[in-house]
Amino acid sequence: MEFKQELETGTFKIIGNTETTLKIKEVAEKCRLVKSDNGVKVELAYTGPNASKYVQYIEKHKEDLTKFLMNPDDADLYEWMESSHQTALTLKKHEKEKLILYVNFDSETHDMLTGIADENITLKLGAPLMQINVDELTRDEFKLKIYNMLLLADEIAVLMGNADLRKMSNIQIVKTYLTEIYDKFHENP
């Protein structure tokens, strides 16, 4: 369960139950886009248990779900926005901030976390861009993860309108740096 502390009373209020909270990807898997007189509409192709929760989700997130179904390549962006509790409006507030791509690598566990941070290396926006263990991936899988992470960072930067972050998500140095980590620390040939 997730809780939020209310400022006025100091009491905790339940804001979500992890067992019943739906994610856009799992709802989209049970939906399809259907042409209608007004364009396209989302139709639920599921009648199993908890179908009413899917219907509620669709009603509440119709626009995002339509975009998600029309652009399956943007799935990572929608999932990141959901897990970081960001919207296009909240991201726009970071337009003028000096943000950087942040990489944290633990040389003992070989866990790597990347995210968007400020100049003080404080992770911003609530969710990492990529969280992996280098030993669990082949070189090609690792390269694909980096590519997807840079695409996600670029999409976030575009939504924000943050030119500095956009430049950083395109730089070769990030790819080179992460690849050097892979070469140095990957233990499974």
# chains A, B, ... in the order shown; residues from 1 in each chain; ligands from 1
>>> select_by_dssp(residues="chain A", states="helix (DSSP H, G or I)", output="ChimeraX atom specification")
/A:24-28,51-60,62-70,72-84,88-92,134-136,139-160,163-169,172-185
>>> closest_residue(among="A:Leu33, A:Ala157, A:Ile146, A:Ala51", to="A:Thr114", atoms="only C-alpha atoms")
A:Ile146
>>> residues_around(residues="A:Asp76", least_positions_apart="3", cutoff="7 Å", atoms="only C-alpha atoms", output="list in words")
Glu79, Trp80 and Leu152 of chain A
>>> write_last_selection(atoms="N, CA and C atoms", output="PDB file, in the first residue's frame")
ATOM      1  N   GLU A  79       5.358   4.466 -19.080  1.00  0.00           N
ATOM      2  CA  GLU A  79       5.634   3.702 -17.861  1.00  0.00           C
ATOM      3  C   GLU A  79       6.473   4.521 -16.891  1.00  0.00           C
ATOM      4  N   TRP A  80       7.462   5.242 -17.429  1.00  0.00           N
ATOM      5  CA  TRP A  80       8.304   6.078 -16.563  1.00  0.00           C
ATOM      6  C   TRP A  80       7.469   7.186 -15.934  1.00  0.00           C
ATOM      7  N   LEU A 152      14.604   7.486 -23.897  1.00  0.00           N
ATOM      8  CA  LEU A 152      13.677   7.904 -22.850  1.00  0.00           C
ATOM      9  C   LEU A 152      14.068   9.279 -22.314  1.00  0.00           C
TER      10      LEU A 152
END
>>> residues_around(residues="A:Glu155", least_positions_apart="3", cutoff="12 Å", atoms="only C-alpha atoms", output="list of chain:residue names")
A:Asp73, A:Asp74, A:Ala75, A:Asp76, A:Leu77, A:Tyr78, A:Trp80, A:Met81, A:Ala88, A:Leu91, A:Leu129, A:Asn148, A:Met149, A:Leu150, A:Leu151, A:Leu152, A:Val158, A:Leu159, A:Met160, A:Gly161, A:Asn162, A:Ala163, A:Leu165, A:Arg166, A:Lys167, A:Ser169, A:Asn170
>>> closest_residue(among="A:Thr47, A:Leu137, A:Asn38, A:Leu101", to="A:Asn120", atoms="only C-alpha atoms")
A:Leu101
>>> residues_around(residues="A:Cys31", least_positions_apart="2", cutoff="9 Å", atoms="only C-alpha atoms", output="JSON, numbers by chain")
{"A": [27, 28, 29, 33, 42, 43, 44, 45, 46, 69]}
>>> write_last_selection(atoms="N, CA, C and O atoms", output="PDB file, in the first residue's frame")
ATOM      1  N   VAL A  27      -3.099  -2.620 -18.924  1.00  0.00           N
ATOM      2  CA  VAL A  27      -4.431  -2.266 -19.408  1.00  0.00           C
ATOM      3  C   VAL A  27      -4.430  -2.273 -20.942  1.00  0.00           C
ATOM      4  O   VAL A  27      -5.348  -2.805 -21.572  1.00  0.00           O
ATOM      5  N   ALA A  28      -3.375  -1.702 -21.523  1.00  0.00           N
ATOM      6  CA  ALA A  28      -3.273  -1.633 -22.987  1.00  0.00           C
ATOM      7  C   ALA A  28      -3.275  -3.018 -23.621  1.00  0.00           C
ATOM      8  O   ALA A  28      -3.819  -3.200 -24.714  1.00  0.00           O
ATOM      9  N   GLU A  29      -2.694  -3.996 -22.933  1.00  0.00           N
ATOM     10  CA  GLU A  29      -2.666  -5.365 -23.458  1.00  0.00           C
ATOM     11  C   GLU A  29      -4.066  -5.953 -23.602  1.00  0.00           C
ATOM     12  O   GLU A  29      -4.283  -6.863 -24.386  1.00  0.00           O
ATOM     13  N   LEU A  33      -7.706  -0.444 -30.328  1.00  0.00           N
ATOM     14  CA  LEU A  33      -8.245   0.788 -30.888  1.00  0.00           C
ATOM     15  C   LEU A  33      -9.245   0.425 -31.974  1.00  0.00           C
ATOM     16  O   LEU A  33      -8.976  -0.434 -32.811  1.00  0.00           O
ATOM     17  N   VAL A  42     -10.865   3.701 -27.636  1.00  0.00           N
ATOM     18  CA  VAL A  42     -10.295   2.555 -26.941  1.00  0.00           C
ATOM     19  C   VAL A  42     -11.425   1.626 -26.544  1.00  0.00           C
ATOM     20  O   VAL A  42     -12.417   2.058 -25.956  1.00  0.00           O
ATOM     21  N   GLU A  43     -11.268   0.364 -26.871  1.00  0.00           N
ATOM     22  CA  GLU A  43     -12.279  -0.634 -26.525  1.00  0.00           C
ATOM     23  C   GLU A  43     -11.627  -1.727 -25.686  1.00  0.00           C
ATOM     24  O   GLU A  43     -10.576  -2.251 -26.053  1.00  0.00           O
ATOM     25  N   LEU A  44     -12.271  -2.062 -24.586  1.00  0.00           N
ATOM     26  CA  LEU A  44     -11.758  -3.124 -23.714  1.00  0.00           C
ATOM     27  C   LEU A  44     -12.150  -4.475 -24.296  1.00  0.00           C
ATOM     28  O   LEU A  44     -13.319  -4.740 -24.550  1.00  0.00           O
ATOM     29  N   ALA A  45     -11.151  -5.312 -24.519  1.00  0.00           N
ATOM     30  CA  ALA A  45     -11.398  -6.650 -25.070  1.00  0.00           C
ATOM     31  C   ALA A  45     -11.162  -7.680 -23.974  1.00  0.00           C
ATOM     32  O   ALA A  45     -10.501  -8.687 -24.170  1.00  0.00           O
ATOM     33  N   TYR A  46     -11.702  -7.407 -22.781  1.00  0.00           N
ATOM     34  CA  TYR A  46     -11.464  -8.264 -21.620  1.00  0.00           C
ATOM     35  C   TYR A  46     -12.735  -8.314 -20.791  1.00  0.00           C
ATOM     36  O   TYR A  46     -13.355  -7.281 -20.535  1.00  0.00           O
ATOM     37  N   LEU A  69      -1.509   3.239 -27.251  1.00  0.00           N
ATOM     38  CA  LEU A  69      -1.855   2.218 -28.236  1.00  0.00           C
ATOM     39  C   LEU A  69      -1.470   2.632 -29.658  1.00  0.00           C
ATOM     40  O   LEU A  69      -1.131   1.789 -30.483  1.00  0.00           O
TER      41      LEU A  69
END
>>> atom_distance(atom1="atom CA of A:Ser36", atom2="atom CA of A:Thr66")
13.1 Å
>>> atom_distance(atom1="atom CA of A:Lys60", atom2="atom CA of A:Gly39")
18.9 Å
>>> closest_residue(among="A:Met112, A:Ala117, A:Leu65, A:Ile173", to="A:His186", atoms="only C-alpha atoms")
A:Met112
